[in-house]
>>> print(open('my_file-v6.txt').read())   # compact mmCIF, C-alpha atoms and all ligand atoms
# COMPACT_ATOMS: atom_id res chain seq x y z
CA MET A 1 7.21 -19.40 -3.36
CA ILE A 2 5.65 -16.29 -4.92
CA VAL A 3 5.57 -13.01 -3.01
CA ALA A 4 3.19 -10.56 -4.72
CA ILE A 5 3.69 -6.84 -4.08
CA ASP A 6 1.01 -4.55 -5.48
CA GLY A 7 0.17 -0.88 -5.04
CA PRO A 8 0.15 2.52 -6.74
CA ALA A 9 3.12 4.47 -8.16
CA GLY A 10 5.38 5.90 -5.47
CA ALA A 11 4.17 3.59 -2.70
CA GLY A 12 7.65 2.06 -2.59
CA LYS A 13 7.03 -1.18 -4.49
CA SER A 14 10.21 -1.29 -6.57
CA THR A 15 12.64 -0.39 -3.81
CA VAL A 16 11.00 -2.74 -1.34
CA ALA A 17 10.54 -5.62 -3.79
CA ARG A 18 14.12 -5.42 -5.04
CA LYS A 19 15.58 -5.32 -1.53
CA LEU A 20 13.32 -8.10 -0.29
CA ALA A 21 14.32 -10.33 -3.22
CA GLU A 22 17.98 -9.62 -2.50
CA ARG A 23 17.64 -10.49 1.20
CA LEU A 24 15.69 -13.68 0.52
CA GLY A 25 17.81 -14.77 -2.44
CA PHE A 26 14.65 -14.76 -4.62
CA SER A 27 14.46 -13.52 -8.19
CA TYR A 28 12.62 -10.30 -8.85
CA LEU A 29 10.06 -9.48 -11.54
CA ASP A 30 9.01 -5.88 -12.25
CA THR A 31 5.79 -6.18 -14.28
CA GLY A 32 5.45 -2.38 -14.63
CA ALA A 33 8.73 -2.40 -16.56
CA MET A 34 7.11 -4.76 -19.07
CA TYR A 35 4.23 -2.37 -19.79
CA ARG A 36 6.74 0.48 -19.93
CA ALA A 37 8.99 -1.34 -22.43
CA LEU A 38 6.04 -2.08 -24.69
CA THR A 39 4.97 1.58 -24.52
CA TRP A 40 8.51 2.63 -25.48
CA LEU A 41 8.45 0.30 -28.50
CA ALA A 42 4.96 1.34 -29.61
CA MET A 43 6.04 5.00 -29.46
CA ARG A 44 9.23 4.28 -31.38
CA GLU A 45 7.15 2.52 -34.04
CA ALA A 46 4.69 5.46 -34.01
CA LEU A 47 1.77 3.04 -33.55
CA PRO A 48 -1.59 4.44 -32.46
CA LEU A 49 -1.52 3.71 -28.72
CA ALA A 50 -5.32 3.67 -28.49
CA GLU A 51 -5.59 0.63 -30.79
CA GLY A 52 -5.56 -2.45 -28.59
CA ASP A 53 -5.28 -5.08 -31.32
CA ALA A 54 -2.21 -3.43 -32.92
CA ILE A 55 -0.46 -2.97 -29.57
CA GLY A 56 -1.42 -6.48 -28.43
CA GLU A 57 0.07 -7.86 -31.63
CA LEU A 58 3.26 -5.85 -31.02
CA ALA A 59 3.47 -7.33 -27.50
CA ARG A 60 3.09 -10.84 -28.87
CA ARG A 61 5.84 -10.33 -31.45
CA HIS A 62 8.28 -8.71 -28.99
CA PRO A 63 8.40 -10.37 -25.57
CA VAL A 64 10.10 -8.34 -22.85
CA VAL A 65 13.33 -9.91 -21.62
CA PHE A 66 15.23 -9.31 -18.34
CA ASP A 67 18.89 -10.17 -17.92
CA GLU A 68 20.66 -11.32 -14.76
CA ALA A 69 21.48 -7.73 -13.79
CA GLY A 70 17.80 -6.74 -14.04
CA ARG A 71 18.20 -4.81 -17.28
CA VAL A 72 15.09 -4.64 -19.47
CA PHE A 73 15.18 -5.47 -23.19
CA ILE A 74 12.62 -5.31 -25.97
CA ASP A 75 13.30 -5.91 -29.65
CA ASN A 76 16.97 -6.39 -28.67
CA CYS A 77 17.23 -2.85 -27.23
CA ASP A 78 18.27 -2.12 -23.65
CA VAL A 79 15.47 0.20 -22.53
CA SER A 80 16.24 0.14 -18.78
CA SER A 81 16.77 3.92 -18.56
CA ALA A 82 14.48 5.07 -21.37
CA ILE A 83 11.39 3.53 -19.75
CA ARG A 84 11.82 5.72 -16.63
CA GLN A 85 11.17 8.98 -18.49
CA SER A 86 8.08 11.04 -17.74
CA ARG A 87 6.88 10.73 -21.37
CA ILE A 88 6.57 6.98 -20.72
CA ASP A 89 4.88 7.60 -17.31
CA ARG A 90 2.24 9.59 -19.17
CA MET A 91 1.54 7.12 -21.98
CA VAL A 92 1.88 3.75 -20.23
CA PRO A 93 -1.68 3.69 -18.82
CA VAL A 94 -3.06 4.05 -22.37
CA VAL A 95 -1.16 0.90 -23.37
CA ALA A 96 -1.77 -1.04 -20.13
CA ARG A 97 -5.52 -0.52 -20.43
CA HIS A 98 -5.99 -2.83 -23.47
CA HIS A 99 -7.16 -6.35 -22.68
CA GLU A 100 -5.22 -7.63 -25.73
CA VAL A 101 -2.04 -6.28 -24.15
CA ARG A 102 -2.84 -7.56 -20.65
CA GLU A 103 -3.49 -11.07 -21.93
CA VAL A 104 -0.02 -11.26 -23.51
CA MET A 105 1.68 -9.66 -20.52
CA ARG A 106 -0.02 -11.87 -17.95
CA GLU A 107 0.87 -15.00 -19.87
CA ARG A 108 4.53 -13.90 -19.96
CA GLN A 109 4.47 -12.85 -16.29
CA ARG A 110 3.14 -16.26 -15.24
CA GLU A 111 5.83 -17.92 -17.32
CA LEU A 112 8.59 -15.81 -15.73
CA GLY A 113 7.02 -16.01 -12.26
CA HIS A 114 6.81 -19.76 -12.04
CA GLN A 115 10.52 -20.37 -12.23
CA GLY A 116 11.27 -20.88 -8.53
CA ASN A 117 11.15 -18.37 -5.68
CA VAL A 118 10.23 -14.92 -6.86
CA VAL A 119 9.07 -11.49 -5.71
CA ILE A 120 6.68 -10.02 -8.30
CA GLU A 121 5.61 -6.39 -8.20
CA GLY A 122 2.77 -4.73 -10.09
CA ARG A 123 -0.88 -3.78 -9.81
CA ASP A 124 -2.80 -7.02 -10.38
CA ILE A 125 -0.35 -9.66 -9.18
CA GLY A 126 -2.20 -10.82 -6.05
CA THR A 127 -5.59 -10.58 -7.76
CA VAL A 128 -5.06 -11.85 -11.32
CA VAL A 129 -1.50 -12.82 -12.30
CA ALA A 130 -0.75 -14.99 -9.25
CA PRO A 131 -3.89 -15.35 -7.12
CA ASP A 132 -2.21 -18.44 -5.63
CA ALA A 133 0.78 -16.41 -4.33
CA GLU A 134 1.73 -17.56 -0.81
CA VAL A 135 2.26 -13.99 0.40
CA LYS A 136 0.42 -10.91 -0.89
CA ILE A 137 1.33 -7.38 0.08
CA TYR A 138 -0.43 -4.16 -0.89
CA LEU A 139 1.68 -1.04 -0.31
CA HIS A 140 0.07 2.37 -0.15
CA ALA A 141 1.07 5.86 1.02
CA ASP A 142 -0.11 9.43 1.29
CA PRO A 143 -0.37 10.98 -2.25
CA GLY A 144 1.94 13.91 -1.33
CA ILE A 145 4.66 11.51 -0.18
CA ARG A 146 4.23 9.37 -3.28
CA ALA A 147 4.66 12.44 -5.52
CA ALA A 148 7.76 13.54 -3.58
CA ARG A 149 9.35 10.09 -3.92
CA ARG A 150 8.63 10.00 -7.63
CA GLN A 151 10.05 13.51 -8.04
CA ALA A 152 13.41 12.32 -6.74
CA GLU A 153 13.52 9.83 -9.65
CA ARG A 154 12.24 12.22 -12.35
CA PRO A 155 14.53 15.22 -12.83
CA ASP A 156 12.94 15.77 -16.27
CA ILE A 157 9.63 17.11 -14.94
CA GLY A 158 8.48 19.81 -12.49
CA PRO A 159 6.55 19.04 -9.27
CA ASP A 160 3.15 20.36 -10.43
CA ALA A 161 3.18 18.44 -13.71
CA LEU A 162 4.37 15.33 -11.88
CA ALA A 163 1.57 15.54 -9.29
CA THR A 164 -0.99 15.97 -12.09
CA ASP A 165 0.47 12.99 -14.01
CA LEU A 166 0.35 10.85 -10.88
CA ARG A 167 -3.30 11.73 -10.26
CA THR A 168 -4.21 10.97 -13.88
CA ARG A 169 -2.34 7.66 -13.77
CA ASP A 170 -3.98 6.67 -10.47
CA ALA A 171 -7.41 7.32 -11.97
CA SER A 172 -6.58 5.24 -15.02
CA ASP A 173 -4.91 2.40 -13.08
CA ARG A 174 -7.60 2.32 -10.37
CA VAL A 175 -9.61 -0.56 -11.88
CA ARG A 176 -6.52 -2.76 -11.59
CA MET A 177 -5.38 -1.35 -8.27
CA GLN A 178 -7.65 -3.10 -5.80
CA PRO A 179 -5.87 -5.06 -3.08
CA ALA A 180 -6.49 -8.80 -3.06
CA GLU A 181 -8.85 -9.81 -0.25
CA ASP A 182 -6.08 -11.78 1.42
CA ALA A 183 -3.39 -9.09 0.96
CA GLU A 184 -1.58 -7.52 3.90
CA LEU A 185 -1.97 -3.73 3.63
CA ILE A 186 1.10 -1.68 4.58
CA ASP A 187 1.03 2.12 4.72
CA THR A 188 4.60 3.19 3.87
CA THR A 189 4.07 6.94 4.45
CA ASP A 190 6.15 7.06 7.62
CA LEU A 191 8.21 3.90 7.20
CA GLU A 192 11.79 3.41 6.07
CA VAL A 193 12.43 0.88 3.30
CA ASP A 194 14.20 -1.49 5.71
CA ASP A 195 11.22 -1.44 8.09
CA VAL A 196 8.83 -2.41 5.29
CA VAL A 197 11.16 -5.18 4.10
CA SER A 198 11.57 -6.55 7.63
CA ARG A 199 7.82 -6.52 8.16
CA ILE A 200 7.29 -8.56 4.98
CA GLU A 201 10.10 -10.97 5.93
CA GLU A 202 8.40 -11.52 9.28
CA LEU A 203 5.11 -12.22 7.51
CA ILE A 204 6.79 -14.76 5.25
CA ARG A 205 8.34 -16.46 8.27
CA THR A 206 4.98 -16.66 10.06
CA ARG A 207 3.24 -18.02 6.96
CA SER A 208 5.97 -20.61 6.37
CA LEU A 209 5.86 -21.73 10.01
CA ALA A 210 2.07 -21.99 9.93
CA LYS A 211 2.35 -24.26 6.88
CA SER A 212 4.98 -26.59 8.25
O1 LIG B 301 4.73 0.30 -11.44
P1 LIG B 301 5.00 1.20 -12.65
O2 LIG B 301 4.80 2.66 -12.38
O3 LIG B 301 6.32 0.93 -13.29
O4 LIG B 301 3.89 0.75 -13.72
C1 LIG B 301 3.79 1.34 -14.98
C2 LIG B 301 2.34 1.28 -15.47
O5 LIG B 301 2.00 -0.05 -15.84
C3 LIG B 301 1.29 1.77 -14.50
O6 LIG B 301 0.66 2.94 -15.02
C4 LIG B 301 0.29 0.67 -14.39
C5 LIG B 301 0.72 -0.39 -15.34
N1 LIG B 301 0.80 -1.71 -14.72
C6 LIG B 301 -0.31 -2.51 -14.80
O7 LIG B 301 -1.33 -2.10 -15.33
N2 LIG B 301 -0.24 -3.78 -14.29
C7 LIG B 301 0.88 -4.22 -13.69
N3 LIG B 301 0.93 -5.47 -13.21
C8 LIG B 301 2.02 -3.38 -13.58
C9 LIG B 301 1.94 -2.10 -14.09
>>> encode(input="my_file-v6.txt", output="structure tokens")
Amino acid sequence: MIVAIDGPAGAGKSTVARKLAERLGFSYLDTGAMYRALTWLAMREALPLAEGDAIGELARRHPVVFDEAGRVFIDNCDVSSAIRQSRIDRMVPVVARHHEVREVMRERQRELGHQGNVVIEGRDIGTVVAPDAEVKIYLHADPGIRAARRQAERPDIGPDALATDLRTRDASDRVRMQPAEDAELIDTTDLEVDDVVSRIEELIRTRSLAKS
């Protein structure tokens, strides 16, 4: 079974998806981490981020790898912490925009996502990567709350700059941020993580019962 969790930055995707996977005993795939790792590598190589063919080629040569503990590797480097810096937040939409990059990433995501039961989080999972996912969730939240949540994870940037970055990233990601028609929309503004996870578990139960 594939559970697709999409939505903008700060809506709670990672926390919810990770916890849900843990409760269900599913594996977990963070597709944003893949775009982040590629951005990290392209910056290390000082490649021009605006050139889709060069970055696409880099993606093809260096597939992102996850280990059992959820650590993220590219070109044999553990980039799990480095990809959470605000300099990566700022540049990742430039990389994620290229169709050459998305083609490589989607192919790899489908490969990783079709190995048993999995929770996949991203922006285009329910619409493009796994349109056949049995359960599709779209998380969203008030922009102020999303910025505050992100701030807690980004001690390297002030609140004004972070809010501006988030707005810029939303604008750039928007084309890929539409909920699938058959997605369940959940507003997480006033919800605790456990409430969101329980709601999704309930949905999965209902869907599974309806099928059997
Ligand atoms: O979810 P995140 O903040 O880690 O995602 C990082 C960036 O990657 C974000 O700006 C949008 C992009 N992304 C994407 O375009 N498609 C995905 N499936 C996942 C992330």
>>> closest_atom_pairs(input="my_file-v6.txt", of="chain A", to="ligand LIG 301 (chain B)", cutoff="10 Å", atoms="all atoms listed in the file", output="CSV")
residue,atom,partner,partner_atom,distance
A:Ile5,CA,B:LIG301,N3,9.6
A:Asp6,CA,B:LIG301,N3,7.8
A:Gly7,CA,B:LIG301,O1,7.9
A:Pro8,CA,B:LIG301,O1,6.9
A:Ala9,CA,B:LIG301,O2,4.9
A:Gly10,CA,B:LIG301,O2,7.7
A:Ala11,CA,B:LIG301,O1,9.4
A:Gly12,CA,B:LIG301,O1,9.5
A:Lys13,CA,B:LIG301,O1,7.5
A:Ser14,CA,B:LIG301,O1,7.5
A:Asp30,CA,B:LIG301,O3,7.4
A:Thr31,CA,B:LIG301,C8,4.7
A:Gly32,CA,B:LIG301,C9,3.6
A:Ala33,CA,B:LIG301,O3,5.3
A:Met34,CA,B:LIG301,C8,7.6
A:Tyr35,CA,B:LIG301,O5,5.1
A:Arg36,CA,B:LIG301,C1,5.8
A:Ala37,CA,B:LIG301,C1,9.5
A:Leu38,CA,B:LIG301,O5,9.9
A:Thr39,CA,B:LIG301,O5,9.3
A:Ile83,CA,B:LIG301,O3,8.6
A:Arg84,CA,B:LIG301,O3,8.0
A:Ile88,CA,B:LIG301,C1,8.5
A:Asp89,CA,B:LIG301,O6,6.7
A:Arg90,CA,B:LIG301,O6,8.0
A:Met91,CA,B:LIG301,O6,8.2
A:Val92,CA,B:LIG301,C2,5.4
A:Pro93,CA,B:LIG301,O6,4.5
A:Val94,CA,B:LIG301,O6,8.3
A:Val95,CA,B:LIG301,O5,8.2
A:Ala96,CA,B:LIG301,O7,4.9
A:Arg97,CA,B:LIG301,O7,6.8
A:His98,CA,B:LIG301,O7,9.4
A:Val101,CA,B:LIG301,O7,9.8
A:Arg102,CA,B:LIG301,O7,7.8
A:Met105,CA,B:LIG301,N3,8.5
A:Arg106,CA,B:LIG301,N3,8.0
A:Gln109,CA,B:LIG301,N3,8.7
A:Ile120,CA,B:LIG301,N3,8.8
A:Glu121,CA,B:LIG301,N3,6.9
A:Gly122,CA,B:LIG301,N3,3.7
A:Arg123,CA,B:LIG301,N3,4.2
A:Asp124,CA,B:LIG301,N3,4.9
A:Ile125,CA,B:LIG301,N3,6.0
A:Gly126,CA,B:LIG301,N3,9.5
A:Thr127,CA,B:LIG301,N3,9.9
A:Val128,CA,B:LIG301,N3,9.0
A:Val129,CA,B:LIG301,N3,7.8
A:Arg150,CA,B:LIG301,O2,9.5
A:Leu166,CA,B:LIG301,O6,8.9
A:Thr168,CA,B:LIG301,O6,9.5
A:Arg169,CA,B:LIG301,O6,5.7
A:Asp170,CA,B:LIG301,O6,7.5
A:Ala171,CA,B:LIG301,O6,9.7
A:Ser172,CA,B:LIG301,O6,7.6
A:Asp173,CA,B:LIG301,C4,5.6
A:Arg174,CA,B:LIG301,C4,9.0
A:Val175,CA,B:LIG301,O7,9.1
A:Arg176,CA,B:LIG301,O7,6.4
A:Met177,CA,B:LIG301,O7,8.2
>>> closest_residue(input="my_file-v6.txt", among="A:Thr206, A:Lys211, A:Pro159, A:Glu134", to="A:Val119", atoms="only C-alpha atoms")
A:Glu134
>>> closest_residue(input="my_file-v6.txt", among="A:Ala148, A:Ala180, A:Ala163, A:Ile186", to="A:Asp132", atoms="all atoms listed in the file")
A:Ala180
>>> axis_aligned_box(input="my_file-v6.txt", around="stretch 138-150 of chain A", padding_each_side="4 Å", output="AutoDock Vina command-line options")
--center_x 4.5 --center_y 4.9 --center_z -3.2 --size_x 17.8 --size_y 26.1 --size_z 16.9
